[in-house]
Structure formats: C-alpha cells, structure tokens
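Text of my_file_10.cif (mmCIF, C-alpha atoms) as supplied:
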data_model
#
loop_
_atom_site.label_atom_id
_atom_site.label_comp_id
_atom_site.auth_asym_id
_atom_site.auth_seq_id
_atom_site.Cartn_x
_atom_site.Cartn_y
_atom_site.Cartn_z
CA MET A 170 71.45 44.33 -27.10
CA ARG A 171 71.12 45.52 -23.50
CA ILE A 172 67.94 47.48 -22.86
CA LEU A 173 66.98 49.37 -19.72
CA VAL A 174 63.26 50.23 -19.38
CA ILE A 175 62.29 52.87 -16.82
CA THR A 176 58.59 53.06 -15.95
CA ASP A 177 56.18 52.86 -13.03
CA LEU A 178 53.63 51.12 -15.28
CA TYR A 179 54.94 47.60 -14.90
CA PRO A 180 53.37 44.66 -13.04
CA ILE A 181 55.48 43.02 -10.37
CA SER A 182 52.83 40.47 -9.41
CA LYS A 183 50.70 38.37 -11.75
CA ASP A 184 47.74 39.39 -9.57
CA GLU A 185 47.82 42.99 -10.85
CA ILE A 186 44.84 42.59 -13.16
CA HIS A 187 44.35 46.37 -13.57
CA THR A 188 47.97 47.12 -14.52
CA PRO A 189 48.20 47.26 -18.34
CA LYS A 190 50.59 44.64 -19.73
CA THR A 191 51.61 46.56 -22.87
CA ILE A 192 55.10 47.58 -21.71
CA GLU A 193 55.64 44.14 -20.18
CA THR A 194 54.73 42.63 -23.57
CA PHE A 195 57.42 44.70 -25.28
CA VAL A 196 59.94 43.55 -22.67
CA LYS A 197 59.01 39.86 -22.92
CA THR A 198 59.16 40.02 -26.72
CA TRP A 199 62.59 41.70 -26.71
CA GLU A 200 63.82 38.97 -24.37
CA LYS A 201 62.52 36.30 -26.74
CA GLN A 202 64.38 38.06 -29.55
CA GLY A 203 67.63 37.63 -27.60
CA HIS A 204 67.98 41.02 -25.93
CA GLU A 205 68.86 41.46 -22.26
CA VAL A 206 66.32 43.67 -20.52
CA ARG A 207 66.18 45.20 -17.04
CA ILE A 208 63.46 47.38 -15.56
CA ILE A 209 63.71 50.21 -13.05
CA LYS A 210 60.32 51.01 -11.56
CA PRO A 211 60.45 54.46 -9.89
CA ASN A 212 57.41 55.32 -7.80
CA PHE A 213 56.40 58.75 -6.51
CA LEU A 214 54.54 57.47 -3.45
CA LEU A 215 51.79 60.10 -3.36
CA ASN A 216 50.95 59.28 -6.97
CA THR A 217 50.96 55.55 -6.10
CA PHE A 218 48.49 56.03 -3.26
CA LEU A 219 46.22 58.50 -5.10
CA ARG A 220 45.91 56.14 -8.06
CA LYS A 221 45.51 53.13 -5.74
CA LYS A 222 48.35 51.26 -7.40
CA PRO A 223 49.90 48.23 -5.66
CA HIS A 224 52.69 49.18 -3.28
CA TYR A 225 55.92 47.18 -3.02
CA LYS A 226 59.01 47.69 -0.87
CA ASP A 227 62.29 48.82 -2.40
CA GLY A 228 64.23 45.95 -3.88
CA MET A 229 64.71 43.51 -6.72
CA TYR A 230 61.81 41.45 -8.05
CA GLY A 231 63.38 39.30 -10.75
CA ASN A 232 64.73 41.73 -13.34
CA ILE A 233 62.65 44.61 -11.90
CA GLU A 234 64.15 47.05 -9.40
CA ASN A 235 61.38 48.80 -7.46
CA LEU A 236 62.30 52.23 -6.05
CA ASN A 237 60.03 54.39 -3.87
CA TYR A 238 60.46 58.14 -3.39
CA ILE A 239 58.51 60.38 -1.01
CA LEU A 240 59.25 63.49 -3.08
CA PRO A 241 58.94 63.39 -6.90
CA PHE A 242 62.55 62.41 -7.68
CA MET A 243 64.29 65.32 -6.03
CA GLY A 244 67.87 65.17 -4.73
CA ASP A 245 70.31 62.42 -5.64
CA ILE A 246 68.00 59.76 -7.02
CA LYS A 247 70.94 57.50 -7.93
CA LYS A 248 71.68 56.59 -4.30
CA LYS A 249 68.98 53.93 -4.17
CA ILE A 250 69.76 52.26 -7.49
CA LYS A 251 71.50 48.91 -7.11
CA THR A 252 71.10 47.69 -10.70
CA LEU A 253 74.57 47.21 -12.21
CA PHE A 254 73.76 47.42 -15.88
CA ALA A 255 75.41 49.27 -18.77
CA PRO A 256 72.56 49.53 -21.31
CA ASP A 257 72.85 50.17 -25.03
CA ILE A 258 69.38 51.73 -25.01
CA VAL A 259 67.36 53.38 -22.23
CA ILE A 260 63.60 53.62 -22.83
CA ALA A 261 61.36 55.57 -20.45
CA HIS A 262 57.57 55.22 -20.28
CA MET A 263 55.01 57.26 -18.34
CA PRO A 264 55.62 60.66 -16.66
CA CYS A 265 57.44 59.18 -13.65
CA GLY A 266 59.68 57.16 -15.95
CA LEU A 267 60.54 60.13 -18.16
CA ILE A 268 61.30 62.49 -15.28
CA PHE A 269 63.42 59.84 -13.56
CA ALA A 270 65.38 59.00 -16.75
CA ASN A 271 66.04 62.68 -17.43
CA LYS A 272 67.42 63.20 -13.93
CA LEU A 273 69.81 60.27 -14.41
CA GLY A 274 71.64 62.29 -17.04
CA VAL A 275 71.75 59.45 -19.61
CA ASN A 276 70.74 59.25 -23.26
CA PHE A 277 67.19 57.94 -23.37
CA VAL A 278 64.09 57.51 -25.50
CA ALA A 279 60.91 59.09 -24.17
CA ALA A 280 57.57 57.38 -24.81
CA VAL A 281 54.35 59.39 -24.97
CA HIS A 282 51.11 57.95 -23.57
CA ALA A 283 47.69 59.53 -23.01
CA SER A 284 48.77 60.21 -19.42
CA ASP A 285 51.65 62.36 -20.68
CA ILE A 286 49.25 64.43 -22.81
CA GLU A 287 47.10 64.84 -19.67
CA VAL A 288 50.08 66.17 -17.71
CA LEU A 289 51.00 68.55 -20.54
CA THR A 290 47.48 70.00 -20.90
CA ASN A 291 45.84 69.83 -17.46
CA PRO A 292 46.51 72.98 -15.36
CA ILE A 293 46.82 70.99 -12.11
CA TYR A 294 50.21 69.64 -13.30
CA LYS A 295 51.55 73.05 -14.40
CA ILE A 296 53.77 73.81 -11.38
CA TYR A 297 56.14 70.82 -11.43
CA PHE A 298 55.31 67.82 -13.59
CA LYS A 299 54.61 69.67 -16.85
CA GLN A 300 57.89 71.56 -16.64
CA GLU A 301 59.84 68.40 -15.88
CA LEU A 302 58.24 66.57 -18.78
CA LYS A 303 59.10 69.42 -21.15
CA LYS A 304 62.75 69.14 -20.06
CA ALA A 305 62.65 65.39 -20.65
CA TYR A 306 61.29 65.73 -24.20
CA LYS A 307 63.93 68.34 -25.00
CA ASN A 308 66.73 66.06 -23.80
CA ALA A 309 65.39 62.79 -25.22
CA GLN A 310 67.23 61.43 -28.26
CA LYS A 311 63.97 60.05 -29.71
CA ILE A 312 60.27 60.31 -28.78
CA ALA A 313 58.13 57.19 -29.19
CA CYS A 314 54.43 58.06 -29.47
CA ARG A 315 52.27 55.08 -28.59
CA SER A 316 49.74 55.69 -31.38
CA TYR A 317 49.16 57.87 -34.42
CA ALA A 318 46.53 59.83 -32.48
CA ILE A 319 48.95 60.43 -29.58
CA ARG A 320 51.64 61.61 -32.03
CA GLN A 321 49.22 64.07 -33.60
CA LYS A 322 48.25 65.47 -30.19
CA PHE A 323 51.87 65.69 -29.07
CA LEU A 324 53.06 67.47 -32.23
CA THR A 325 50.18 69.93 -31.95
CA LEU A 326 51.73 70.95 -28.62
CA TYR A 327 55.40 70.63 -29.64
CA PRO A 328 55.80 70.73 -33.45
CA GLN A 329 59.55 71.34 -33.03
CA TYR A 330 60.01 67.63 -32.24
CA LEU A 331 58.61 66.36 -35.54
CA ASN A 332 61.92 64.87 -36.71
CA LYS A 333 62.60 62.86 -33.58
CA THR A 334 59.14 61.37 -33.06
CA PHE A 335 57.91 58.00 -34.29
CA VAL A 336 54.90 55.78 -33.62
CA ALA A 337 55.39 52.70 -31.43
CA PRO A 338 52.09 50.79 -31.41
CA SER A 339 51.35 47.69 -29.40
CA GLY A 340 51.36 44.27 -31.04
CA ILE A 341 49.05 41.27 -30.95
CA ASN A 342 49.94 37.67 -30.18
CA GLU A 343 49.92 36.14 -33.66
CA ASP A 344 48.32 32.96 -32.28
CA LEU A 345 45.13 34.99 -31.70
CA ILE A 346 44.78 36.13 -35.31
CA ILE A 347 42.04 34.44 -37.32
CA GLN A 348 40.28 35.25 -40.59
CA ARG A 349 36.47 35.23 -40.63
CA GLN A 350 33.58 35.94 -42.95
CA TRP A 351 30.53 38.04 -42.09
CA SER A 352 27.96 35.76 -40.47
CA ASN A 353 24.71 37.10 -42.07
CA ASN A 354 22.77 35.95 -39.01
CA GLU A 355 19.32 37.41 -38.37
CA LYS A 356 20.64 39.08 -35.21
CA ILE A 357 23.86 41.10 -35.44
CA LYS A 358 26.05 40.41 -32.41
CA VAL A 359 27.65 43.60 -31.07
CA LEU A 360 30.24 43.40 -28.29
CA THR A 361 31.88 45.98 -26.08
CA CYS A 362 34.43 45.44 -23.30
CA ALA A 363 35.75 47.95 -20.76
CA GLN A 364 35.83 49.11 -17.18
CA PHE A 365 32.62 50.94 -16.38
CA ILE A 366 34.13 54.41 -16.12
CA LYS A 367 32.83 57.56 -17.78
CA ARG A 368 35.47 57.97 -20.49
CA LYS A 369 34.73 54.51 -21.93
CA ASN A 370 31.28 55.80 -22.99
CA ILE A 371 29.50 52.47 -22.61
CA ASP A 372 26.25 54.42 -22.20
CA GLU A 373 26.64 55.64 -25.80
CA VAL A 374 26.95 52.06 -27.00
CA ILE A 375 23.79 51.04 -25.13
CA ARG A 376 21.74 53.99 -26.46
CA ALA A 377 22.90 53.44 -30.04
CA CYS A 378 22.21 49.69 -30.03
CA GLU A 379 18.84 50.26 -28.37
CA GLN A 380 17.60 51.80 -31.64
CA PHE A 381 18.08 48.58 -33.63
CA ASP A 382 15.76 45.58 -33.41
CA ASN A 383 18.29 43.33 -35.14
CA ILE A 384 21.22 43.99 -32.76
CA LYS A 385 22.08 41.85 -29.75
CA LEU A 386 24.49 43.73 -27.45
CA THR A 387 26.85 41.98 -25.01
CA ILE A 388 28.82 44.04 -22.48
CA ILE A 389 31.93 42.67 -20.77
CA GLY A 390 33.27 44.53 -17.74
CA SER A 391 32.53 45.84 -14.29
CA GLY A 392 32.81 48.97 -12.21
CA LYS A 393 30.96 51.53 -10.12
CA GLY A 394 28.82 52.59 -13.07
CA GLU A 395 27.21 49.18 -13.54
CA LYS A 396 23.87 49.96 -11.86
CA ARG A 397 23.49 53.17 -13.86
CA LEU A 398 24.25 51.40 -17.14
CA LYS A 399 21.78 48.59 -16.44
CA LYS A 400 19.02 51.16 -15.91
CA LEU A 401 19.47 52.47 -19.47
CA SER A 402 18.07 49.31 -21.08
CA ASN A 403 17.07 45.76 -20.22
CA LYS A 404 18.21 44.43 -23.62
CA PRO A 405 22.02 44.15 -23.24
CA ILE A 406 23.64 41.06 -21.74
CA PHE A 407 26.07 42.00 -18.94
CA THR A 408 28.65 39.24 -18.41
CA GLY A 409 30.67 40.89 -15.66
CA GLN A 410 34.46 40.76 -15.66
CA LEU A 411 35.77 37.76 -17.61
CA PRO A 412 39.17 36.05 -17.95
CA HIS A 413 41.09 37.07 -21.05
CA ASN A 414 40.55 33.76 -22.85
CA GLN A 415 36.77 34.06 -22.42
CA VAL A 416 36.85 37.63 -23.75
CA ILE A 417 38.64 36.39 -26.88
CA GLU A 418 36.10 33.59 -27.35
CA LEU A 419 33.20 36.05 -27.18
CA MET A 420 34.98 38.28 -29.69
CA LYS A 421 35.23 35.33 -32.09
CA GLU A 422 31.46 34.84 -31.76
CA SER A 423 30.64 38.53 -32.33
CA ASP A 424 30.13 40.47 -35.56
CA ILE A 425 30.95 44.02 -34.45
CA PHE A 426 33.13 45.34 -31.64
CA VAL A 427 32.39 48.89 -30.48
CA LEU A 428 34.18 51.07 -27.93
CA PRO A 429 33.95 54.88 -28.36
CA SER A 430 36.45 55.42 -25.56
CA LYS A 431 38.24 58.73 -25.06
CA ASN A 432 41.73 59.48 -23.68
CA GLU A 433 43.03 56.12 -24.91
CA THR A 434 46.77 55.60 -25.39
CA PHE A 435 46.28 52.73 -27.82
CA GLY A 436 43.69 50.20 -26.70
CA MET A 437 44.80 46.58 -27.07
CA VAL A 438 41.17 45.49 -26.93
CA TYR A 439 40.60 46.94 -30.42
CA LEU A 440 43.53 44.99 -31.85
CA GLU A 441 42.24 41.83 -30.16
CA ALA A 442 38.79 42.41 -31.65
CA MET A 443 40.26 42.88 -35.14
CA ALA A 444 42.38 39.75 -34.68
CA SER A 445 39.24 37.83 -33.65
CA GLY A 446 37.40 38.74 -36.83
CA CYS A 447 35.13 41.55 -35.62
CA ILE A 448 34.37 44.68 -37.63
CA THR A 449 35.83 47.13 -35.13
CA VAL A 450 34.68 50.66 -34.26
CA CYS A 451 36.86 53.16 -32.39
CA GLN A 452 36.60 56.85 -31.46
CA LYS A 453 38.01 59.50 -33.80
CA ASP A 454 41.40 60.97 -32.74
CA GLU A 455 41.80 58.40 -29.98
CA GLY A 456 43.92 55.30 -29.46
CA ILE A 457 43.91 53.04 -32.47
CA ASP A 458 42.49 55.66 -34.89
CA GLY A 459 45.06 55.87 -37.68
CA ILE A 460 45.50 52.13 -37.70
CA ILE A 461 41.75 51.72 -38.15
CA LYS A 462 40.83 53.54 -41.35
CA HIS A 463 37.18 54.40 -41.73
CA GLY A 464 35.31 52.16 -44.12
CA GLU A 465 38.49 50.32 -45.11
CA ASN A 466 39.51 48.02 -42.24
CA GLY A 467 37.07 49.22 -39.58
CA PHE A 468 35.05 52.29 -38.68
CA VAL A 469 35.71 55.51 -36.76
CA CYS A 470 32.96 57.39 -34.94
CA GLN A 471 32.64 60.91 -33.59
CA ASN A 472 29.49 61.25 -31.48
CA ASN A 473 27.50 59.46 -34.21
CA LEU A 474 27.56 55.82 -33.19
CA LYS A 475 24.00 55.07 -34.38
CA ASN A 476 24.94 56.32 -37.86
CA ILE A 477 28.12 54.25 -37.83
CA LEU A 478 26.18 51.09 -36.98
CA GLU A 479 23.78 51.84 -39.82
CA GLU A 480 26.73 52.36 -42.16
CA ILE A 481 28.21 49.00 -41.20
CA ILE A 482 24.87 47.21 -41.63
CA ASN A 483 24.41 48.80 -45.07
CA THR A 484 28.00 48.20 -46.23
CA PRO A 485 27.63 45.83 -49.19
CA ASP A 486 31.02 44.12 -48.91
CA LYS A 487 31.60 43.58 -45.20
CA ASN A 488 33.96 40.72 -45.99
CA LEU A 489 36.33 43.15 -47.72
CA VAL A 490 36.45 45.20 -44.49
CA LEU A 491 37.17 42.01 -42.55
CA LYS A 492 39.87 40.98 -45.02
CA ASN A 493 41.57 44.38 -44.73
CA SER A 494 41.30 44.17 -40.95
CA TYR A 495 42.93 40.73 -40.97
CA GLU A 496 45.80 42.01 -43.16
CA THR A 497 46.28 44.98 -40.83
CA VAL A 498 46.74 42.87 -37.70
CA LEU A 499 49.12 40.53 -39.52
CA GLU A 500 51.47 43.53 -39.72
CA LEU A 501 51.02 44.32 -36.02
CA THR A 502 52.22 41.17 -34.27
CA GLU A 503 54.13 41.43 -30.99
CA ASN A 504 57.31 40.37 -32.74
CA THR A 505 57.02 42.91 -35.55
CA THR A 506 56.06 45.90 -33.39
CA ALA A 507 58.84 45.16 -30.85
CA MET A 508 61.44 44.94 -33.62
CA ASN A 509 60.18 48.13 -35.25
CA TYR A 510 60.35 49.94 -31.90
CA LEU A 511 64.09 49.26 -31.68
CA LYS A 512 64.67 49.95 -35.39
CA ASN A 513 63.13 53.39 -35.06
CA ILE A 514 65.35 54.15 -32.08
CA LEU A 515 68.50 53.11 -33.91
CA MET A 516 67.71 54.98 -37.14
CA ASN A 517 69.68 58.18 -37.69
#

What does this structure look like when you write it as structure tokens?
Amino acid sequence: MRILVITDLYPISKDEIHTPKTIETFVKTWEKQGHEVRIIKPNFLLNTFLRKKPHYKDGMYGNIENLNYILPFMGDIKKKIKTLFAPDIVIAHMPCGLIFANKLGVNFVAAVHASDIEVLTNPIYKIYFKQELKKAYKNAQKIACRSYAIRQKFLTLYPQYLNKTFVAPSGINEDLIIQRQWSNNEKIKVLTCAQFIKRKNIDEVIRACEQFDNIKLTIIGSGKGEKRLKKLSNKPIFTGQLPHNQVIELMKESDIFVLPSKNETFGMVYLEAMASGCITVCQKDEGIDGIIKHGENGFVCQNNLKNILEEIINTPDKNLVLKNSYETVLELTENTTAMNYLKNILMN
C-alpha cells in the first residue's frame, strides 16, 4: 500500500531531541510491514519560529519533502510540491497537516492531537485556524483520535462525527516489554520523567511524595523550572536529562511511575513505564487515560496524588495490577497499533 503522511511534526535530523517520534514510529513500522510511505512536511514559518522548531530549506530529505510557506497555506499550495506519488491513503497529522491536506482537495484521514483541541477551544485561533480545522474535519473521510481521552474531548465539541472517528494510540517496541513482580523493598521507588514545564505538574509529584517517609523519588528531566522545583524539597534525586536507554533502565528499577501531566495527546512515557514493570499513574481525562484503568492495570488521579499513592501502597495484590499492565502493553506493540491504524481507515 502507498501511504502519504502530511504533518509538520516529523524529525528530519536525528538531532531533533525535542521533536516527538510518534508519527515517525508509525511510518517506520508501516515501512517494515511492506508499505511505501512518503512524507510531506508543510511549515507555516511564523508558527515554526514562534515554537522554536528547527528550520530547514525547501527540498527532499530522504522520503520527506519539506515545504515552507510565509502565509498559512494560502494561494496555490501545489506549486511547490515535487513529490510524484499516487497514494492509496493520505493521513494528515497536526493542524498544519490537516489544513494543508484539505486544501489539496484529496481524500484524507485527519488525526486529532492535543494541539488540535487547543486550536478548537482557544479564542486566539478563532479567526483563521479554527475555521480551517473545522472544514478539514468535515471533509475528512475518517478522523483518527490519538487517545481515548482526545476522542472524548473531540466528540464533546463535534458529536456529529461519532461514526467516522476511531482511536489510534501509539505502540511500544515489544523488545522493551518485561514482566515484573512487586519488589516489597523497605523504600518504594517512585519515578517521574518530563520536561520541567508547568503542565507536567512535577511540583505535585514532589509535594505528594514529600508526605511519605518510605518513598524515594527520582526525577528525570530538565528545563527552566528546575531551580524552582529543587527548592520544594531536598529529598528527590534529580538526574537531569538522560538518554532513552538510561530512562528505560531506571524505569525497570522503579516501583511506581507518576506523571499527572495535562494537555497530553498520548504520552509514550506512560506506555514505556508500563512495559518496564512500573505501576503507572496518569492524570484523569488526559493522554493514556482509557488505556490505564484505575485499580486494574494502573491508577488515575485527579488532583489527589497523595491519596493515589496511599491507595497503591495499600493495594493488597499489586502483582495483579502489574500482570494486567503487562497484558495491556502486549496488545499495544508498534506492529499491532500500526496495523490497527490502517485497518480502521479501510473499514467501511
């Protein structure tokens, strides 16, 4: 099958450590499954500069065609495109990708991320981007919501699209999946991992863990908020930013992974924590909520993280939670989620 992916959220260089790799993972997996995939990366330059994203000149970078536009895809946007490709499926991710795909006048699938919900609900986008996104959703043949929580938020806004929406979660590298038992160590090892920005709510994790004498908290990450976070308590261990393989190793050594982050599209870090054998805690109505089911294969918090930690500590059969978590991630491998993405598109 020939697949064209249209998105500005795609790394061109391996050095782009802050560009999420989720869409790239779908592409690489489809290629391994025998599909031919091309990427068009349309960039509205003002958005690129405001968000401090890497800038590349127009042109081909492997199977990626990078296209820059001063105005947000006005006029004849086809003039720049040099990709000669007759796709069977066109999939558009992120607001720039959706608006661009819609203006091409082709049949396409529209993906919904947290950033799309932001555009649809934040008044600053009302004049142009919101209206263009609404046109794209109306014209899309299917709508792929990147998580159960995102689908719920989207359908609250546009319930008329119920029958053409489906959930397209990320998948985990099956080589990372292990099965573990609860350690029963004297000190419970709690881990969190994120950029130090407000919506990640690392301060909530620190305050909650501070109230337990038997919890050892490790924090992976970096950012402008680091000094402020370190002032909250001298108990946590701050590791700084770590390579991915070291993050996974620390997850395997930890008992509980906690990240009450808001405005998450999905959050691969939760899936990685589950795959590494951590009891995993997410925020209600965000990201991986819906895959994590409270008290069954993980825990879901809503401004009550201290109570959630107490609930985990007092759960008599923690190994059952870990077993259910392990079985959940086995169904969410990269191969399975990529195949299901295409199956949902092709279903009548």

Carefully work through the PyMOL selection byres ((chain A and resi 401) around 12) for this structure and note down the residues it includes, as an mmCIF file with C-alpha atoms, keeping the file's coordinate frame.
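Just written: result_20.cif:
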data_model
loop_
_atom_site.group_PDB
_atom_site.id
_atom_site.type_symbol
_atom_site.label_atom_id
_atom_site.label_comp_id
_atom_site.auth_asym_id
_atom_site.auth_seq_id
_atom_site.Cartn_x
_atom_site.Cartn_y
_atom_site.Cartn_z
ATOM 1 C CA ILE A 371 29.500 52.470 -22.610
ATOM 2 C CA ASP A 372 26.250 54.420 -22.200
ATOM 3 C CA GLU A 373 26.640 55.640 -25.800
ATOM 4 C CA VAL A 374 26.950 52.060 -27.000
ATOM 5 C CA ILE A 375 23.790 51.040 -25.130
ATOM 6 C CA ARG A 376 21.740 53.990 -26.460
ATOM 7 C CA ALA A 377 22.900 53.440 -30.040
ATOM 8 C CA CYS A 378 22.210 49.690 -30.030
ATOM 9 C CA GLU A 379 18.840 50.260 -28.370
ATOM 10 C CA GLY A 394 28.820 52.590 -13.070
ATOM 11 C CA GLU A 395 27.210 49.180 -13.540
ATOM 12 C CA LYS A 396 23.870 49.960 -11.860
ATOM 13 C CA ARG A 397 23.490 53.170 -13.860
ATOM 14 C CA LEU A 398 24.250 51.400 -17.140
ATOM 15 C CA LYS A 399 21.780 48.590 -16.440
ATOM 16 C CA LYS A 400 19.020 51.160 -15.910
ATOM 17 C CA SER A 402 18.070 49.310 -21.080
ATOM 18 C CA ASN A 403 17.070 45.760 -20.220
ATOM 19 C CA LYS A 404 18.210 44.430 -23.620
ATOM 20 C CA PRO A 405 22.020 44.150 -23.240
#

* Chain and number of each residue from the PyMOL selection byres ((chain A and resi 347) around 9), as a count of residues only -> 12

* Could you expand the PyMOL selection byres ((chain A and resi 205) around 8) into the explicit residues it covers here, written as a list in words? =>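 With the PyMOL selection byres ((chain A and resi 205) around 8) on this model, the match is Met170, Arg171, Ile172, Trp199, Glu200, Gly203, His204, Val206 and Arg207 of chain A.
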
* Which residues, written as a PyMOL selection string, have at least one atom at most 12 Å from A:Ile268, with all atoms listed in the file counted and residues fewer than 6 positions away on the same chain left out? -> chain A and resi 175-177+211-213+241-243+246+260-262+274-275+277-280+285+297-309

Any chance you could work out the axis-aligned box around stretch 190-205 of chain A, listed atoms only, 8 Å on each side, giving centre and edge lengths in Å to one decimal, as lines of an AutoDock Vina configuration file?
center_x = 59.7
center_y = 41.9
center_z = -24.6
size_x = 34.3
size_y = 27.3
size_z = 25.8

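Each of A:Ser352, A:Thr198, A:Gln471, A:Gln329 was checked against A:Asn509 using all atoms listed in the file; the smallest atom-to-atom distance is that of A:Thr198.
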
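Take the candidates A:Ala363, A:Leu474, A:Val490, A:Leu499 and check each one against A:His187 using only C-alpha atoms; the shortest distance goes to A:Ala363.
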
* Skip A:Glu441 itself and residues of its chain fewer than 3 positions away, then list as an NGL selection string all residues within 12 Å of it, counting all atoms listed in the file. => :A and (339-347 or 361-362 or 413-414 or 416-421 or 426 or 435-438 or 444-449 or 457 or 494-495 or 497-499 or 501-503)

* Rank nothing, just name the residue among A:Phe381, A:Phe335, A:Tyr238, A:Phe218 nearest to A:Gln321, using all atoms listed in the file. =>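 Answer, going by the shortest atom-to-atom distance: A:Phe335.
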
* What is the atom CA of A:Ala313 to atom CA of A:Tyr510 distance in Å? ->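 Rounded to one decimal, the two atoms are 8.1 Å apart.
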
* Pick out the closest residue to A:Pro429 from this set: A:Asn473, A:Asn466, A:Thr387, A:Ser284. Count all atoms listed in the file. =>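 Closest to A:Pro429, using all atoms listed in the file: A:Asn473.
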
Could stretch 243-262 of chain A be completed with N, CA and C atoms and returned as a PDB file, keeping the file's coordinate frame?
ATOM      1  N   MET A 243      63.427  64.184  -6.321  1.00  0.00           N
ATOM      2  CA  MET A 243      64.290  65.320  -6.030  1.00  0.00           C
ATOM      3  C   MET A 243      65.534  64.824  -5.287  1.00  0.00           C
ATOM      4  N   GLY A 244      66.618  65.570  -5.368  1.00  0.00           N
ATOM      5  CA  GLY A 244      67.870  65.170  -4.730  1.00  0.00           C
ATOM      6  C   GLY A 244      68.613  64.153  -5.570  1.00  0.00           C
ATOM      7  N   ASP A 245      69.496  63.410  -4.937  1.00  0.00           N
ATOM      8  CA  ASP A 245      70.310  62.420  -5.640  1.00  0.00           C
ATOM      9  C   ASP A 245      69.541  61.109  -5.758  1.00  0.00           C
ATOM     10  N   ILE A 246      68.840  60.944  -6.859  1.00  0.00           N
ATOM     11  CA  ILE A 246      68.000  59.760  -7.020  1.00  0.00           C
ATOM     12  C   ILE A 246      68.815  58.496  -7.266  1.00  0.00           C
ATOM     13  N   LYS A 247      70.103  58.656  -7.589  1.00  0.00           N
ATOM     14  CA  LYS A 247      70.940  57.500  -7.930  1.00  0.00           C
ATOM     15  C   LYS A 247      71.332  56.675  -6.699  1.00  0.00           C
ATOM     16  N   LYS A 248      71.210  57.265  -5.505  1.00  0.00           N
ATOM     17  CA  LYS A 248      71.680  56.590  -4.300  1.00  0.00           C
ATOM     18  C   LYS A 248      71.016  55.238  -4.078  1.00  0.00           C
ATOM     19  N   LYS A 249      69.735  55.165  -4.431  1.00  0.00           N
ATOM     20  CA  LYS A 249      68.980  53.930  -4.170  1.00  0.00           C
ATOM     21  C   LYS A 249      69.251  52.838  -5.201  1.00  0.00           C
ATOM     22  N   ILE A 250      69.684  53.216  -6.388  1.00  0.00           N
ATOM     23  CA  ILE A 250      69.760  52.260  -7.490  1.00  0.00           C
ATOM     24  C   ILE A 250      70.876  51.250  -7.249  1.00  0.00           C
ATOM     25  N   LYS A 251      70.515  49.971  -7.302  1.00  0.00           N
ATOM     26  CA  LYS A 251      71.500  48.910  -7.110  1.00  0.00           C
ATOM     27  C   LYS A 251      71.762  48.136  -8.404  1.00  0.00           C
ATOM     28  N   THR A 252      70.957  48.395  -9.430  1.00  0.00           N
ATOM     29  CA  THR A 252      71.100  47.690 -10.700  1.00  0.00           C
ATOM     30  C   THR A 252      72.442  48.027 -11.348  1.00  0.00           C
ATOM     31  N   LEU A 253      73.291  47.030 -11.521  1.00  0.00           N
ATOM     32  CA  LEU A 253      74.570  47.210 -12.210  1.00  0.00           C
ATOM     33  C   LEU A 253      74.376  46.760 -13.654  1.00  0.00           C
ATOM     34  N   PHE A 254      74.167  47.732 -14.532  1.00  0.00           N
ATOM     35  CA  PHE A 254      73.760  47.420 -15.880  1.00  0.00           C
ATOM     36  C   PHE A 254      74.209  48.563 -16.787  1.00  0.00           C
ATOM     37  N   ALA A 255      74.966  48.251 -17.808  1.00  0.00           N
ATOM     38  CA  ALA A 255      75.410  49.270 -18.770  1.00  0.00           C
ATOM     39  C   ALA A 255      74.600  49.096 -20.051  1.00  0.00           C
ATOM     40  N   PRO A 256      73.454  49.778 -20.184  1.00  0.00           N
ATOM     41  CA  PRO A 256      72.560  49.530 -21.310  1.00  0.00           C
ATOM     42  C   PRO A 256      73.041  50.167 -22.616  1.00  0.00           C
ATOM     43  N   ASP A 257      72.647  49.556 -23.717  1.00  0.00           N
ATOM     44  CA  ASP A 257      72.850  50.170 -25.030  1.00  0.00           C
ATOM     45  C   ASP A 257      71.733  51.163 -25.327  1.00  0.00           C
ATOM     46  N   ILE A 258      70.544  50.868 -24.807  1.00  0.00           N
ATOM     47  CA  ILE A 258      69.380  51.730 -25.010  1.00  0.00           C
ATOM     48  C   ILE A 258      68.641  51.883 -23.685  1.00  0.00           C
ATOM     49  N   VAL A 259      68.222  53.114 -23.385  1.00  0.00           N
ATOM     50  CA  VAL A 259      67.360  53.380 -22.230  1.00  0.00           C
ATOM     51  C   VAL A 259      66.032  53.898 -22.765  1.00  0.00           C
ATOM     52  N   ILE A 260      64.935  53.241 -22.381  1.00  0.00           N
ATOM     53  CA  ILE A 260      63.600  53.620 -22.830  1.00  0.00           C
ATOM     54  C   ILE A 260      62.752  53.947 -21.612  1.00  0.00           C
ATOM     55  N   ALA A 261      62.160  55.136 -21.599  1.00  0.00           N
ATOM     56  CA  ALA A 261      61.360  55.570 -20.450  1.00  0.00           C
ATOM     57  C   ALA A 261      59.903  55.718 -20.856  1.00  0.00           C
ATOM     58  N   HIS A 262      59.011  55.129 -20.045  1.00  0.00           N
ATOM     59  CA  HIS A 262      57.570  55.220 -20.280  1.00  0.00           C
ATOM     60  C   HIS A 262      56.888  55.839 -19.077  1.00  0.00           C
TER      61      HIS A 262
END
